[in-house]
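For reference, the structure is listed below as structure tokens.
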Amino acid sequence: MGPDFPTSARVVIVGGGVMGVGLAYHLAHEGWGADTVLLEKAELTSGSTWHAAGQITHSTSSFGLGKCVDYNIGLYSGALEKETGQPVTWHGCGSFRLAYTEDEMDWLRHTLSVGRSLGFNIELVTPERVAELHPFYNLDGVLGALHTPDDGHVDPTNVTMAMATGARQKGVRIIRRCQATNITQNGNGEWVVETNQGTITCEHVVNAGGTYARQMGEWSGLQLPMTSMTHHYFVTEPVPEFQGLDQELPVIRDDKKVSGYIRMEQNRGLIGIYEKTNPNSVWHDHCPWEYENWLFDADYDRVMPWLEESLNRMPIFAELGLQRDVHGAISHPPDGNPLIGPAPGVRNYWCCCGTQIGIGWGPGLTRELARWMVHGAADISMRDYDPRRFGAYATKDWQVIKAEEDYCLRHEIPFPHFNRLAGRPIKPSPLYQRLKDEGAVYEEVYGFERPRWFARDGVAQEDHYSFNRTVVDDLIAAEVKAVREDVGIMDVTAFSKVLVEGPDAYALLDRLTANRMPQKVGAIILTHMLNRRGRIELETTIVRMDEDRFYLVCAAFFEQRLLDHLNHQRVNETVTITALSDSWSALALNGPKARDVLAACTASDLSNAGFRWLSAQQIIVAGHQIWALRMSYAGELGWEFHMPNDACLDVYDALWSAGMDHRITNYGSFAMNAMRMEKAFKGAGELTNEVTLAEADVLRFARNDKPYLGKEHTLNANLPWICAYLEIEPDGRADGHGGEAVYLGDQVVGSTASVVFGPTVGKVLAFAYLKPEAAQVGTELTVLIHGVPRAARVLGQPAYDPDSLKPRQDVLVTA
């Protein structure tokens with residue numbers, strides 16, 4: 001160990017690519033510069049960063065990612081160089097994303113609306129406009145294009161070096177040629193980073209290891225799902241037609257024909273390809289530590305169909321040779337989204353890795369991670385990037401299957417509710433095959449298979465993709481109608497189910513929940529847990545099973561988040577926390593005939609007097625003792641049944657048999673979502689780490705007469721936005737998908753979070769985060785859906801059963 005090698009720090013970042021350096025830069029801007037050390041085993045950018053093509057575009061349908069991209073472009077196009085004095089070589093040439101089919105055009109129309117909600121310079125243009133700005137591209141078959149004039153590309157090494165300069169200027173210590181060899185946690189909860197130059201103890205450790213990140217996680221007993229995939233781009237010989245151009249040609253993103261991008265590289269052409277078949281994954285177990293600035297030999301056979309088409313699309317390249325090929329490895333997580341946030345099950349181990357588009361996404365995401373680390377919450381929703389969205393099911397073999405699938409989907413149309421089918425089923429419920437035989441089309445949530453909808457009446461049992469309504473919407477409407485008029489049953493096993501018990505269980509939960517805890521055994525509450533910044537960590541239902549025994553139910557993908565929140569907030573409390581999700585199943589029975597069906601299966605008193613609304617008790621069904629919770633996400637008379645897995649099939653069969661005289665129907669998550677929107681129940685899309693209880697307009701679930709974590713920050717008076725409930729004029733074709741721009745007059749005042757057609761009420765319904773002046777009940781607004789403005793109005797009560805009488809209805813008494 002050298003005399004200047006640090007032995008301690010608040011933060012140690014391991015990895016010197018654009019992600020690690022970006023985090024160091026942003027931690028410095030959040031005030032932690034002097035307390036941060038970054039270690040790089042070789043030279044900065046020597047992993048995946050240096051060989052990136054360096055492009056970035058406003059063309060994204062993700063609201064949160066759009067915020068990151070906009071920040072990144074501002075950073076690259078002037079702010080970073082102005083701050084640090086270091087050149088970044090920004091090429092602000094703009095870009096086009098082409099569409100050849102109506103489905104692609106619908107994708108661009110939706111992206112246009114999301115971009116407008118974010119204030120982007122973005123427009124949908126004709127092929128003639130593309131030809132004006134890019135006269136060399138073969139536009140045969142092109143219907144239109146999305147033009148984002150502020151896009152461009154940048155030198156990846158220069159960007160990273162400039163951020164490193166900015167980090168150093170604010171006190172960050174960057175140590176090169178320092179290879180980490182182990183990361184462990186000591187008894188005090190501090191992290192110990194062993195290196196070839198010495199050992200550093202720190203409060204926070206960050207894995208920014210790029211293609212090494214997964215094996216680095218294994219040092220600490222962590223499973224961080226990602227796989228290295230190889231990607232080609234090619235640089236041509238000098239292009240005569242590029243000589244003497246007044247300005248650089250826009251980047252062309254041609255998803256259908258090229259499965260990639262084409263742009264100028266000085267006076268040469270650059271062609272990047274994500275082949276849609278035969279993807280190549282490498283280093284399944286171990287990325288060699290000695291690799292530095294590593295590239296693979298080009299595999300022309302694998303990419304040839306798309307390379308040939310790129311020459312057809314750019315005829316001026318056809319007679320030129322390829323002067324350079326770049327074939328490097330990039331990390332791909334199972335769902336394509338990077339791992340940004342806390343590692344599962346441990347405290348103060350942060351992931352900043354798994355990023356397949358580091359230049360395009362990196363600085364914005366690392367800014368949010370820095371805010372998360374320093375202040376306790378990011379300023380955009382991090383749900384899609386939270387490493388805890390995966391569970392133990394994400395084994396190495398499965399990671400490879402999913403990464404290869406993701407690679408092939410990089411340039412496919414991202415249809416709403418796109419269903420990634422590779423490596424499935426992962427965690428089928430006891431009803432999986434039974435419901436599949438009944439027509440269930442499944443989706444995967446936290447490894448579980450959950451029915452989306454049920455194929456009937458000759459409709460194919462498969463996903464039907466479109467940005468517009470399809471035949472599936474008619475089936476969803478039929479499922480909703482069955483629940484509203486008779487009775488429906490749904491497999492909700494995918495819910496996270498956690499048991500908290502022990503003498504201090506009540507005390508722990510009481511100080512972590514905003515609502516009043518259930519006081520009596522059998523009582524149920526809906527409540528929210530907040531982080532120290534007052535933002536919503538998660539929403540959960542709590543059932544008091546006994547004096548010191550509580551059962552928590554929340555959305556499937558929040559399971560590890562819930563477990564970590566409970567464990568990290570414990571302060572010498574004697575509690576046992578047990579995840580029951582894999583060993584317990586759950587069913588929902590809803591509809592006006594639900595009591596009749598259940599009464600035929602149990603001897604328990606199901607009247608309001610015997611089984612009150614928002615209460616739970618153990619009952620016997622089909623010979624099994626199960627927990628019945630009288631509650632309804634559908635807004636109808638209903639119960640949820642929670643039970644060990646071995647009881648589920650028997651209970652389902654008993655309920656189904658009893659329900660046949662009442663026209664019982666299976667229904668799925670799509671119908672459930674439509675019904676919760678008709679009832680104005682906010683869901684995970686509205687209740688994110690971006691917002692406080694006041695901003696989400698759910699303060700009715702918080703108590704002023706008790707302390708709870710984050711209380712002083714969630715009761716904010718000066719609200720930047722409020723979650724409003726809207727009805728939108730239907731057009732019978734397209735309903736919206738979230739992220740659409742909302743206008744008051746000609747001013748953008750917010751964007752939608754969830755949008756769905758409510759078949760019972762015949763209205764398109766939405767939640768939208770709006771400026772307070774636009775969120776007043778009765779305000780007339782406009783929502784831009786598929787590029788078309790649609791009239792909207794703020795509602796003051798649920799569109800269906802506004803007084804919530806149906807769930808509370810009692811047994812009918814007849815003379």
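Residues are named by chain letter and number: chains run A, B, ... in the order of the structure tokens, numbers start at 1 in each chain, and ligands are numbered from 1 in the order shown.
Every residue of stretch 21-114 of chain A with a DSSP assignment of strand (DSSP E or B), taken from the backbone, is listed as Thr36, Val37, Leu38, Leu39, Gln55, Ile56, Trp90, His91, Ser95, Phe96, Arg97, Leu98 and Ala99 of chain A.
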Mind running stretch 69-97 of chain A against stretch 126-150 of chain A at 10 Å and telling me each contacting residue's nearest atom pair with the distance in Å (one decimal), counting only C-alpha atoms, chain and number ascending, as JSON lines?
{"residue": "A:Asp70", "atom": "CA", "partner": "A:Asp150", "partner_atom": "CA", "distance": 9.3}
{"residue": "A:Ile73", "atom": "CA", "partner": "A:Asp150", "partner_atom": "CA", "distance": 7.8}
{"residue": "A:Gly74", "atom": "CA", "partner": "A:Asp150", "partner_atom": "CA", "distance": 9.3}
{"residue": "A:Ser77", "atom": "CA", "partner": "A:Asp150", "partner_atom": "CA", "distance": 9.2}
{"residue": "A:His91", "atom": "CA", "partner": "A:Asp150", "partner_atom": "CA", "distance": 9.8}
{"residue": "A:Gly92", "atom": "CA", "partner": "A:Asp150", "partner_atom": "CA", "distance": 6.2}
{"residue": "A:Cys93", "atom": "CA", "partner": "A:Pro149", "partner_atom": "CA", "distance": 7.0}
{"residue": "A:Gly94", "atom": "CA", "partner": "A:Pro149", "partner_atom": "CA", "distance": 4.0}
{"residue": "A:Ser95", "atom": "CA", "partner": "A:Thr148", "partner_atom": "CA", "distance": 5.5}
{"residue": "A:Phe96", "atom": "CA", "partner": "A:His147", "partner_atom": "CA", "distance": 4.7}
{"residue": "A:Arg97", "atom": "CA", "partner": "A:Leu146", "partner_atom": "CA", "distance": 5.1}
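Restricting the calculation to only C-alpha atoms, the smallest distance between A:Asn673 and any of A:Leu27, A:Ile476, A:Leu715, A:Cys68 is found for A:Ile476.
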* Quick one: residues within 9 Å of stretch 351-362 of chain A, only C-alpha atoms counted, chain neighbours fewer than 3 positions away excluded, as a PyMOL selection string? -> chain A and resi 17-20+22-23+48-49+52-57+65+68-69+72-73+153-154+156+159+205-211+213-214+224-228+330-333+336-343+365-367+369+386-387
* Asked: Do you know which residues are at most 12 Å from stretch 236-243 of chain A counting only C-alpha atoms, after dropping those on the same chain fewer than 3 positions away, and could you put them as a ChimeraX atom specification?
  -> /A:134-136,233,246-249,262-272,307,310-311,314-326
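Among the candidates A:Asn689, A:Pro707, A:Phe550, A:Asp596, the residue lying nearest to A:Gly376 is A:Asn689 (atoms considered: only C-alpha atoms).
Once stretch 806-809 of chain A and its same-chain neighbours fewer than 4 positions away are set aside, Arg484, Asn590, Gly591, Pro592, Arg595, Ser607, Asn608, Arg612, Trp613, Leu614, Arg630, Met631, Ser632, Tyr633, Ala634, Gly635, Glu636, Leu637, Gly638, Trp639, Asp801 and Pro802 of chain A remain within 10 Å of it when counting only C-alpha atoms.
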* Excluding stretch 457-465 of chain A and residues on its chain fewer than 6 positions from it, collect all residues at most 7 Å away from it, counting only C-alpha atoms, and give them as a PyMOL selection string. => chain A and resi 415+439+441
Pull the closest atom pair for each residue of stretch 4-117 of chain A that gets at most 8 Å from stretch 742-762 of chain A, along with the distance in Å to one decimal, counting only C-alpha atoms, ordering rows by chain and then ascending residue number, as a Markdown table.
| residue | atom | partner | partner_atom | distance |
| --- | --- | --- | --- | --- |
| A:Val114 | CA | A:Ser751 | CA | 7.8 |
| A:Arg116 | CA | A:Val748 | CA | 7.8 |
| A:Ser117 | CA | A:Ser751 | CA | 5.7 |
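Take atom CA of A:Cys202 and atom CA of A:Gly187: the distance between them is 12.8 Å.
The residue set within 6 Å of A:Ile542, counting only C-alpha atoms and dropping same-chain residues fewer than 6 places from it, reads Ile524, Ile525, Tyr551 and Leu552 of chain A.
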Could you write those residues out with C-alpha atoms, as a PDB file, in the first residue's frame?
ATOM      1  CA  ILE A 524     -57.367  -4.494   7.483  1.00  0.00           C
ATOM      2  CA  ILE A 525     -55.838  -1.176   6.442  1.00  0.00           C
ATOM      3  CA  TYR A 551     -49.692 -10.006   7.114  1.00  0.00           C
ATOM      4  CA  LEU A 552     -48.598  -7.555   4.402  1.00  0.00           C
TER       5      LEU A 552
END
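Counting only C-alpha atoms, the residue from A:Val445, A:Val651, A:Val303, A:Leu526 that sits nearest to A:Val258 is A:Val303.
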Where does stretch 598-707 of chain A meet stretch 496-501 of chain A within 12 Å, residue by residue, with the nearest atom pair and distance in Å to one decimal for each, counting only C-alpha atoms, listed by chain and rising number, as a tab-separated table?
residue	atom	partner	partner_atom	distance
A:His642	CA	A:Lys497	CA	9.1
A:Met643	CA	A:Lys497	CA	10.6
A:Pro644	CA	A:Lys497	CA	11.3
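Atom CA of A:Asn419 is found 18.6 Å from atom CA of A:Gln433.
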* Write down as number ranges by chain the residues of stretch 130-200 of chain A whose backbone DSSP state falls under helix (DSSP H, G or I). => A: 130-133, 156-169
